[in-house]
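*Asks:* Here you go, protein01.txt (compact mmCIF, C-alpha atoms):
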```txt
# COMPACT_ATOMS: atom_id res chain seq x y z
CA MET T 1 -75.33 -128.41 -21.25
CA LEU T 2 -75.51 -124.94 -22.80
CA ALA T 3 -77.17 -123.68 -19.63
CA ALA T 4 -74.32 -125.03 -17.53
CA ILE T 5 -71.69 -123.41 -19.75
CA ALA T 6 -73.57 -120.11 -19.68
CA TYR T 7 -73.70 -120.28 -15.89
CA ILE T 8 -69.93 -120.81 -15.65
CA VAL T 9 -69.21 -117.87 -17.96
CA ALA T 10 -71.55 -115.63 -15.98
CA ALA T 11 -70.16 -116.80 -12.64
CA TRP T 12 -66.57 -115.95 -13.53
CA SER T 13 -67.55 -112.49 -14.77
CA VAL T 14 -69.00 -111.26 -11.45
CA ALA T 15 -67.98 -110.92 -7.82
CA PRO T 16 -68.05 -113.97 -5.51
CA GLY T 17 -71.33 -112.88 -3.93
CA PHE T 18 -73.07 -113.95 -7.15
CA TYR T 19 -72.93 -117.61 -6.10
CA ASP T 20 -75.22 -117.02 -3.13
CA GLY T 21 -78.18 -116.25 -5.40
CA PHE T 22 -78.29 -119.57 -7.30
CA THR T 23 -81.32 -121.73 -6.48
CA PRO T 24 -82.68 -124.91 -8.11
CA PRO T 25 -85.98 -124.77 -10.04
CA GLN T 26 -89.18 -124.99 -8.03
CA PRO T 27 -90.53 -128.57 -7.95
CA TYR T 28 -93.37 -129.22 -10.38
CA ASN T 29 -96.72 -130.31 -8.98
CA PHE T 30 -97.94 -133.23 -11.08
CA VAL T 31 -101.44 -134.64 -11.35
CA CYS T 32 -99.79 -137.90 -12.46
CA PRO T 33 -96.17 -137.76 -11.26
CA PRO T 34 -93.55 -139.81 -13.14
CA PRO T 35 -91.37 -142.17 -11.06
CA GLN T 36 -88.37 -139.80 -11.18
CA ALA T 37 -90.38 -136.91 -9.68
CA GLY T 38 -90.04 -138.15 -6.07
CA ALA T 39 -92.19 -136.40 -3.46
CA ASN T 40 -95.11 -134.62 -5.08
CA SER T 41 -97.82 -132.11 -4.18
CA GLN T 42 -101.06 -131.85 -6.10
CA PRO T 43 -101.29 -128.87 -8.50
CA SER T 44 -103.40 -125.80 -7.78
CA SER T 45 -106.34 -124.29 -9.64
CA GLY T 46 -106.91 -120.60 -10.31
CA ARG T 47 -109.74 -118.08 -10.51
CA LEU T 48 -110.05 -114.52 -11.80
CA ASN T 49 -112.85 -111.96 -11.88
CA ILE T 50 -112.36 -109.44 -14.68
CA LYS T 51 -114.04 -106.06 -14.42
CA ILE T 52 -116.01 -104.50 -17.27
CA ILE T 53 -115.16 -100.82 -17.72
CA ASN T 54 -117.11 -98.75 -20.27
CA GLY T 55 -118.35 -101.93 -21.93
CA SER T 56 -114.85 -103.42 -22.32
CA SER T 57 -113.16 -106.16 -20.29
CA ASP T 58 -110.23 -104.93 -18.22
CA PRO T 59 -106.71 -106.25 -18.96
CA ASN T 60 -105.68 -108.88 -16.44
CA SER T 61 -103.97 -112.24 -15.93
CA ALA T 62 -105.35 -115.50 -14.60
CA PHE T 63 -102.97 -117.99 -13.00
CA THR T 64 -102.88 -121.08 -10.85
CA ASP T 65 -101.91 -120.56 -7.22
CA ASP T 66 -98.68 -122.51 -7.77
CA GLY T 67 -97.78 -120.43 -10.85
CA GLN T 68 -97.65 -123.40 -13.23
CA LEU T 69 -100.00 -121.77 -15.76
CA VAL T 70 -100.55 -118.08 -16.52
CA ILE T 71 -102.79 -116.60 -19.19
CA GLY T 72 -102.81 -112.86 -19.88
CA PHE T 73 -105.78 -111.00 -21.37
CA LEU T 74 -105.59 -107.76 -23.34
CA PRO T 75 -108.11 -104.92 -22.93
CA GLY T 76 -111.34 -106.01 -24.58
CA ALA T 77 -110.19 -109.64 -24.83
CA PHE T 78 -113.74 -110.89 -24.16
CA ASP T 79 -117.14 -110.19 -25.67
CA ALA T 80 -118.56 -108.33 -22.68
CA THR T 81 -122.06 -107.80 -24.09
CA GLY T 82 -124.55 -107.71 -21.21
CA LYS T 83 -121.82 -108.45 -18.64
CA SER T 84 -120.79 -106.52 -15.51
CA SER T 85 -117.82 -108.86 -14.92
CA ILE T 86 -116.28 -112.02 -16.38
CA ASN T 87 -115.17 -115.06 -14.41
CA VAL T 88 -112.20 -117.17 -15.54
CA THR T 89 -111.31 -120.53 -14.00
CA ILE T 90 -108.24 -122.76 -14.44
CA THR T 91 -108.54 -126.39 -13.35
CA PRO T 92 -105.94 -129.20 -13.55
CA VAL T 93 -107.50 -132.22 -15.26
CA SER T 94 -107.65 -135.59 -13.50
CA PRO T 95 -107.22 -138.33 -14.56
CA CYS T 96 -104.43 -137.37 -16.94
CA PRO T 97 -105.47 -137.63 -20.61
CA THR T 98 -103.43 -139.80 -22.97
CA PRO T 99 -104.16 -138.47 -26.48
CA ASN T 100 -103.36 -140.82 -29.32
CA GLY T 101 -100.02 -139.89 -30.88
CA LEU T 102 -99.09 -137.31 -28.21
CA LYS T 103 -97.11 -137.37 -24.99
CA PHE T 104 -97.80 -134.62 -22.43
CA THR T 105 -95.02 -133.72 -19.99
CA THR T 106 -97.09 -131.10 -18.16
CA ASN T 107 -100.45 -131.35 -16.50
CA THR T 108 -103.48 -130.79 -18.69
CA TYR T 109 -105.51 -127.74 -17.65
CA LEU T 110 -109.05 -126.67 -18.48
CA ILE T 111 -109.43 -122.89 -18.87
CA THR T 112 -113.02 -121.60 -19.01
CA ALA T 113 -114.75 -118.20 -18.94
CA ASP T 114 -118.39 -117.15 -18.89
CA ALA T 115 -117.89 -114.95 -21.97
CA PRO T 116 -116.36 -115.68 -25.41
CA LEU T 117 -112.72 -114.79 -26.03
CA VAL T 118 -112.40 -112.40 -29.00
CA LYS T 119 -108.69 -111.47 -28.83
CA SER T 120 -105.63 -113.71 -28.72
CA SER T 121 -104.16 -114.14 -25.26
CA ASN T 122 -100.67 -115.08 -24.12
CA LEU T 123 -100.42 -118.48 -22.40
CA VAL T 124 -97.38 -119.60 -20.39
CA MET T 125 -96.98 -123.11 -18.96
CA ARG T 126 -94.22 -124.21 -16.61
CA TYR T 127 -92.80 -127.74 -16.88
CA SER T 128 -90.56 -129.96 -14.78
CA ASN T 129 -86.79 -130.28 -15.04
CA VAL T 130 -87.12 -134.06 -14.48
CA SER T 131 -89.18 -134.59 -17.66
CA GLN T 132 -88.37 -134.25 -21.34
CA ASP T 133 -88.76 -130.67 -22.55
CA PRO T 134 -92.07 -130.16 -24.38
CA SER T 135 -91.93 -129.07 -28.01
CA TYR T 136 -95.42 -127.59 -28.31
CA ILE T 137 -98.55 -126.55 -26.44
CA TYR T 138 -101.69 -128.35 -27.60
CA ARG T 139 -105.30 -127.18 -27.31
CA ALA T 140 -108.61 -129.04 -27.54
CA LYS T 141 -112.28 -128.32 -26.96
CA SER T 142 -112.76 -131.82 -25.57
CA LEU T 143 -110.47 -134.37 -23.92
CA ASP T 144 -111.39 -136.67 -26.79
CA GLY T 145 -109.69 -134.22 -29.18
CA PRO T 146 -108.75 -133.35 -31.76
CA TRP T 147 -105.71 -131.60 -30.28
CA THR T 148 -104.44 -128.54 -32.15
CA ARG T 149 -100.72 -127.77 -32.05
CA LEU T 150 -100.12 -124.10 -31.22
CA PRO T 151 -97.06 -122.12 -32.40
CA VAL T 152 -94.50 -121.71 -29.63
CA GLN T 153 -93.02 -118.32 -28.80
CA GLN T 154 -89.41 -117.65 -27.86
CA GLN T 155 -88.71 -118.96 -24.37
CA ALA T 156 -88.28 -116.09 -21.90
CA GLN T 157 -87.57 -118.17 -18.80
CA LEU T 158 -86.11 -121.60 -18.10
CA TYR T 159 -88.61 -124.46 -17.80
CA THR T 160 -91.45 -122.49 -19.39
CA ILE T 161 -93.17 -122.72 -22.76
CA SER T 162 -95.51 -120.07 -24.15
CA THR T 163 -97.93 -119.50 -27.02
CA GLN T 164 -100.84 -117.36 -28.21
CA THR T 165 -104.40 -118.70 -28.17
CA ASP T 166 -107.63 -117.22 -29.52
CA GLN T 167 -109.77 -119.88 -27.81
CA LEU T 168 -110.10 -121.32 -24.34
CA GLY T 169 -110.42 -125.03 -23.56
CA TYR T 170 -108.04 -127.83 -22.61
CA PHE T 171 -104.28 -127.17 -22.76
CA GLY T 172 -101.25 -129.41 -22.32
CA ALA T 173 -97.57 -129.16 -23.30
CA GLY T 174 -95.71 -132.08 -24.82
CA PHE T 175 -94.53 -133.54 -28.11
CA PRO T 176 -95.48 -136.17 -30.71
CA ALA T 177 -95.17 -139.66 -29.22
CA ASN T 178 -92.86 -140.80 -32.02
CA ALA T 179 -90.34 -138.10 -30.98
CA ILE T 180 -89.42 -139.99 -27.78
CA SER T 181 -86.02 -141.67 -27.92
CA THR T 182 -83.86 -143.57 -25.49
CA SER T 183 -80.96 -141.17 -25.99
CA THR T 184 -83.13 -138.16 -25.19
CA SER T 185 -84.38 -139.84 -22.02
CA SER T 186 -80.82 -140.65 -20.96
CA ASN T 187 -79.71 -137.08 -21.59
CA GLN T 188 -82.53 -135.78 -19.39
CA GLU T 189 -81.30 -137.99 -16.53
CA ILE T 190 -77.60 -137.17 -17.00
CA LEU T 191 -77.92 -133.41 -17.60
CA PRO T 192 -78.88 -132.44 -14.00
CA ILE T 193 -75.86 -134.40 -12.72
CA VAL T 194 -73.51 -132.69 -15.18
CA VAL T 195 -74.89 -129.26 -14.30
CA ALA T 196 -74.50 -129.96 -10.57
CA VAL T 197 -70.89 -131.07 -11.02
CA LEU T 198 -70.03 -127.98 -13.08
CA ILE T 199 -71.64 -125.65 -10.53
CA VAL T 200 -69.69 -127.27 -7.68
CA ALA T 201 -66.50 -126.85 -9.73
CA VAL T 202 -67.26 -123.15 -10.17
CA LEU T 203 -67.87 -122.69 -6.46
CA LEU T 204 -64.63 -124.44 -5.54
CA ALA T 205 -62.68 -122.47 -8.13
CA GLY T 206 -64.03 -119.22 -6.69
CA VAL T 207 -62.54 -119.92 -3.24
CA PRO T 208 -58.86 -119.36 -4.19
CA LEU T 209 -59.85 -116.25 -6.13
CA THR T 210 -61.53 -114.79 -3.06
CA VAL T 211 -58.47 -115.60 -0.89
CA LEU T 212 -56.12 -113.94 -3.38
CA ARG T 213 -58.28 -110.80 -3.43
CA ARG T 214 -58.13 -110.52 0.35
CA ARG T 215 -54.39 -111.23 0.86
CA PRO T 216 -53.00 -107.97 -0.64
CA ALA T 217 -55.29 -105.91 1.59
CA ARG T 218 -54.16 -107.75 4.70
CA ALA T 219 -50.50 -107.53 3.69
CA GLY T 220 -50.85 -103.81 3.08
CA GLY T 221 -52.45 -103.36 6.48
CA ARG T 222 -49.54 -105.06 8.26
CA GLY T 223 -47.04 -102.93 6.37
CA ARG T 224 -48.65 -99.67 7.48
CA ARG T 225 -48.75 -100.78 11.10
CA ASP T 226 -45.05 -101.67 11.00
CA GLU T 227 -44.22 -98.20 9.61
CA ASP T 228 -46.20 -96.51 12.39
CA GLU T 229 -44.32 -98.54 15.01
CA ASP T 230 -40.97 -97.54 13.47
CA GLU T 231 -41.91 -93.83 13.61
CA ASP T 232 -42.90 -94.13 17.30
CA GLU T 233 -39.51 -95.60 18.12
```
Since I need it in another form, could you write the structure as structure tokens?

*Replies:*
Amino acid sequence: MLAAIAYIVAAWSVAPGFYDGFTPPQPYNFVCPPPQAGANSQPSSGRLNIKIINGSSDPNSAFTDDGQLVIGFLPGAFDATGKSSINVTITPVSPCPTPNGLKFTTNTYLITADAPLVKSSNLVMRYSNVSQDPSYIYRAKSLDGPWTRLPVQQQAQLYTISTQTDQLGYFGAGFPANAISTSTSSNQEILPIVVAVLIVAVLLAGVPLTVLRRRPARAGGRGRRDEDEDEDE
């Protein structure tokens, strides 16, 4: 709801051309799509080869081809002893894990590298607008757990959640299973409808404003032409 209100305020503060740039979020590619997801494509994996320069791993980012997970590495993020390069892989996990006491709303991904991570790295996961927002990112060395809850950073972009990790392994975003409620689920279903209605209202309200902006210019143009005709006579 706050996002919808913010959109309305922003829309009224700019020229009508602003409306043309609004687009819905990119559909999420689920390994195990929920019923409300509709048509679904399978998620992508990702690979990265990091160069070793003067004995230190180069800064770089690994990401899935569909952009649903990105992990950024600082200079010297890996122990590069005896290495000429470091390979990082990101793989969506199938079948979807169901950890005891947790509910994941994103895919679970396995991130591996052929060298140990020695510096914390920034991890960003995208999630779907048709699922409940995740509260945390969880990490585990094995699908059997235990799953460690990682501190969440301030959200920089809608439908993303980010954290810092000093280890690689399995990652999934979600919340404690006992946090699920019927009211929250209902709000998730109703919110997209409310947002759509408010956006349509903004678009319709902008039409009279555009017409009013154009009318004075046209009226002024007719007045000048009439004066020119009177001078010719």

*Asks:* Please compute the atom CA of T:Ala140-atom CA of T:Lys119 distance, one decimal, in Å.

*Replies:*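 Going from atom CA of T:Ala140 over to atom CA of T:Lys119, I get 17.6 Å.
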
*Asks:* Residues at most 7 Å from T:Thr106, counting all atoms listed in the file, excluding those fewer than 6 positions away in the same chain, as a PDB file with C-alpha atoms, in the frame of the given file?

*Replies:*
```
ATOM      1  CA  TYR T 127     -92.800-127.740 -16.880  1.00  0.00           C
ATOM      2  CA  GLY T 172    -101.250-129.410 -22.320  1.00  0.00           C
ATOM      3  CA  ALA T 173     -97.570-129.160 -23.300  1.00  0.00           C
ATOM      4  CA  GLY T 174     -95.710-132.080 -24.820  1.00  0.00           C
TER       5      GLY T 174
END
```

*Asks:* Considering only C-alpha atoms, can you say which of T:Ala37, T:Ala80, T:Cys32, T:Ile137 comes closest to T:Gly55?

*Replies:*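 Checking each candidate against T:Gly55, we get T:Ala80 as the closest.
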
*Asks:* What is the atom CA of T:Ala62 to atom CA of T:Gln155 distance in Å?

*Replies:*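 Separation of atom CA of T:Ala62 and atom CA of T:Gln155: 19.6 Å.
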
*Asks:* Kindly give the distance, in Å, that separates atom CA of T:Pro75 and atom CA of T:Gln167, rounded to a single decimal.

*Replies:* 15.8 Å

*Asks:* If you count all atoms listed in the file, which residues fall within 8 Å of T:Gly46, apart from same-chain ones fewer than 4 positions away, as a ChimeraX atom specification?

*Replies:* /T:62-65,89-91

*Asks:* Determine the nearest neighbour of T:Pro99 from the options T:Ser142, T:Leu168, T:Pro43, T:Pro35, counting only C-alpha atoms.

*Replies:*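 Of the candidates, the smallest distance to T:Pro99 is held by T:Ser142.
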
*Asks:* Which residues, protein or nucleic acid, reach to within 10 Å of (-115.4, -106.9, -25.3) in the file's coordinates when using only C-alpha atoms, and can you give that as an NGL selection string?

*Replies:* :T and (52-58 or 75-81 or 83 or 115-119)

*Asks:* So that all listed atoms of stretch 66-72 of chain T fit with 3 Å spare on each side, what axis-aligned box centre and edge lengths in Å, to one decimal, would you give as lines of an AutoDock Vina configuration file?

*Replies:*
```
center_x = -100.2
center_y = -118.1
center_z = -13.8
size_x = 11.2
size_y = 16.5
size_z = 18.1
```

*Asks:* Taking all atoms listed in the file into account, which of T:Asn122, T:Thr112, T:Gln154, T:Asn129 comes nearest T:Leu74?

*Replies:*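 Checking each candidate against T:Leu74, we get T:Asn122 as the closest.
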
*Asks:* Between T:Asn100, T:Gly82, T:Leu150, T:Ser128, which residue has the minimum interatomic distance to T:Pro25, considering all atoms listed in the file?

*Replies:* T:Ser128
